[in-house]
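S.K.: Have a look at the structure that comes next, please.
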Amino acid sequence: MHLHLPRVEFPIGKKWLTIVIATITSIILLLVVGYSIYLHTQNSALKTKITKDDATITEINSKLDSLKSQDQYKTNIALKQQIDQVQSTFSKSVTVYENLLDLENPPKDIKGLDGLYANVLSQLAKSDYAGATNSLTDISGKIASEEAKLASIAAASIPASIPASTNAPSSGNYSRQQVSTDVGNFMVDIVGGDLGSTKVIVDTASDSTCGNNCPVLPLATYVARNGAYAGVNGSYFCPTSYPTCVGKTNSFDLLLMNKNKTYFNSDNNVYSTNPAVIFGGGYIRFVGAASEWGRNTSIDSMISNYPLLVSNSNIAFGGSGDPKINSASTRSFVANKGNTVYIGVVHGATTEQVAHVMKTLGMDNALNLDDGGSAAFWYGGYKVGPGRDLPNVILFVKK
């Protein structure tokens, strides 16, 4: 049996439909108008904020411009420029002063230069930095001229009694000779030691790494306490007379292992790229970088310095921008020819010229050592020096 429900109809006329559509339309219009009003309000607020921000920025710029125009700001800028000028002039002054010291020790004719430098100090005291800079430039030129003159005199004044020879002396023998090279004639003090009969050692005044106020000794003292028959000064160090050495006087920062197997400056890995010479039991080895040594303590001694002058019978150094290396001076060296080690001094030469001397003498390898006022060479007495007291030296000891 099926249940039949009555059909219900909702009569919606056109009138009602019109009212519904009109109502929905009104609601939509109200929403659109309301949102438009909201957007307008937000835009107005944003514009107001931007206007205020622009005004703030303008005010800040105005204050900054005002600050820049104030005396204190200008004073600070001028003060910074003055400080920079003081630092620059002082740095140049120190370099020139140290160059003067190198001319004075060993004594040389620098008449007038010390007076000129005293005038520089007076100019600095009066804050005349431009005048001091000009004076320092003038002194530097005079120093360079003096060095060139000294080099010329050294070459021209080699005594006639000094024999000319391009042959290095035999083992155990010392020679003072004139060596003629493609870059000039030079007087050379040199001694050789065959490793079969000679032990080459490095001795130090300090028992361990030293950073300041370090002990130093005359070369003669090193020779005596080791029973050596020959010796030469060692690596670069910081003399007490140098203003730049304050706080590190008589120290050296290059790598070294002395005769007691003590390793110096092990933390200075930056210097492991510098050349070195290694003395072993019956052998000698030159390396372009101390790192190639590998801190092998089975050797007798090791010392690092720069530059390497000759390597595998070829000139390894052709000059640099360092005025101290390029100037003519008394320059020490250590070299080898086969199994014979040589130490000595070349007089009145630049480092590059020493490389040519080593090449002319037929050296297989050669390393530059300290020079100038630190140069010292011993064979039965001082042949050169004594110069400054030294923190380290190279010695020949008979086996």
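Letters A, B, ... go to the chains of the structure tokens in the order shown; residues in each chain start at 1; ligands are counted from 1 in the same order.
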What residues in segment 216-351 of chain A get the DSSP label strand (DSSP E)? Please answer as a ChimeraX atom specification.
M.R.: /A:230-233,256-257,263-264,276-280,283-287,301-304,308-311,314-315,329-337,340-349
S.K.: Counting only C-alpha atoms, which residue out of A:Thr249, A:Asn392, A:Ser327, A:Ser332 sits closest to Ile303 of chain A?
M.R.: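 Nearest to Ile303 of chain A: A:Asn392.
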S.K.: Could you produce a table of the residues of segment 254-284 of chain A lying within 9 Å of segment 186-205 of chain A, with the nearest pair of atoms per residue and their separation in Å rounded to one decimal, using only C-alpha atoms, ordered by chain and increasing residue number, as JSON lines?
M.R.:
{"residue": "A:Leu256", "atom": "CA", "partner": "A:Val202", "partner_atom": "CA", "distance": 8.3}
{"residue": "A:Met257", "atom": "CA", "partner": "A:Val202", "partner_atom": "CA", "distance": 7.3}
{"residue": "A:Asn258", "atom": "CA", "partner": "A:Val202", "partner_atom": "CA", "distance": 4.9}
{"residue": "A:Lys259", "atom": "CA", "partner": "A:Val202", "partner_atom": "CA", "distance": 5.6}
{"residue": "A:Asn260", "atom": "CA", "partner": "A:Asp203", "partner_atom": "CA", "distance": 8.3}
{"residue": "A:Phe279", "atom": "CA", "partner": "A:Val200", "partner_atom": "CA", "distance": 6.3}
{"residue": "A:Gly280", "atom": "CA", "partner": "A:Val200", "partner_atom": "CA", "distance": 8.1}
{"residue": "A:Gly281", "atom": "CA", "partner": "A:Lys199", "partner_atom": "CA", "distance": 7.5}
{"residue": "A:Gly282", "atom": "CA", "partner": "A:Leu195", "partner_atom": "CA", "distance": 5.0}
{"residue": "A:Tyr283", "atom": "CA", "partner": "A:Leu195", "partner_atom": "CA", "distance": 6.5}
{"residue": "A:Ile284", "atom": "CA", "partner": "A:Leu195", "partner_atom": "CA", "distance": 8.2}
S.K.: Write the residues of the preceding selection, restricted to N, CA and C atoms, as a short mmCIF file (atom, residue, chain, number, x, y, z; two decimals), in the first residue's frame.
M.R.:
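Final output, saved to again_24.cif:
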data_model
loop_
_atom_site.label_atom_id
_atom_site.label_comp_id
_atom_site.auth_asym_id
_atom_site.auth_seq_id
_atom_site.Cartn_x
_atom_site.Cartn_y
_atom_site.Cartn_z
N LEU A 256 114.69 27.92 13.88
CA LEU A 256 116.06 27.52 14.14
C LEU A 256 116.06 26.31 15.09
N MET A 257 117.00 25.41 14.87
CA MET A 257 117.25 24.35 15.85
C MET A 257 118.74 24.38 16.19
N ASN A 258 119.05 24.59 17.46
CA ASN A 258 120.46 24.73 17.84
C ASN A 258 121.13 23.37 18.08
N LYS A 259 122.37 23.41 18.45
CA LYS A 259 123.18 22.20 18.62
C LYS A 259 122.62 21.27 19.70
N ASN A 260 121.79 21.84 20.61
CA ASN A 260 121.21 21.06 21.70
C ASN A 260 119.84 20.48 21.34
N PHE A 279 122.03 21.17 8.65
CA PHE A 279 123.34 20.54 8.82
C PHE A 279 123.14 19.18 9.49
N GLY A 280 123.51 18.13 8.79
CA GLY A 280 123.36 16.79 9.34
C GLY A 280 124.70 16.13 9.59
N GLY A 281 124.66 14.87 9.98
CA GLY A 281 125.88 14.13 10.23
C GLY A 281 126.56 13.73 8.94
N GLY A 282 127.30 14.66 8.36
CA GLY A 282 128.00 14.38 7.11
C GLY A 282 127.29 14.86 5.88
N TYR A 283 126.25 15.68 6.05
CA TYR A 283 125.58 16.21 4.86
C TYR A 283 125.05 17.63 5.16
N ILE A 284 124.78 18.37 4.09
CA ILE A 284 124.17 19.69 4.18
C ILE A 284 123.05 19.75 3.16
#
S.K.: Of the residues A:Asp370, A:His347, A:Arg295, A:Gly385, which is the one nearest to Pro239 of chain A, using only C-alpha atoms?
M.R.: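 Ranked by minimum distance to Pro239 of chain A, first place goes to A:Asp370.
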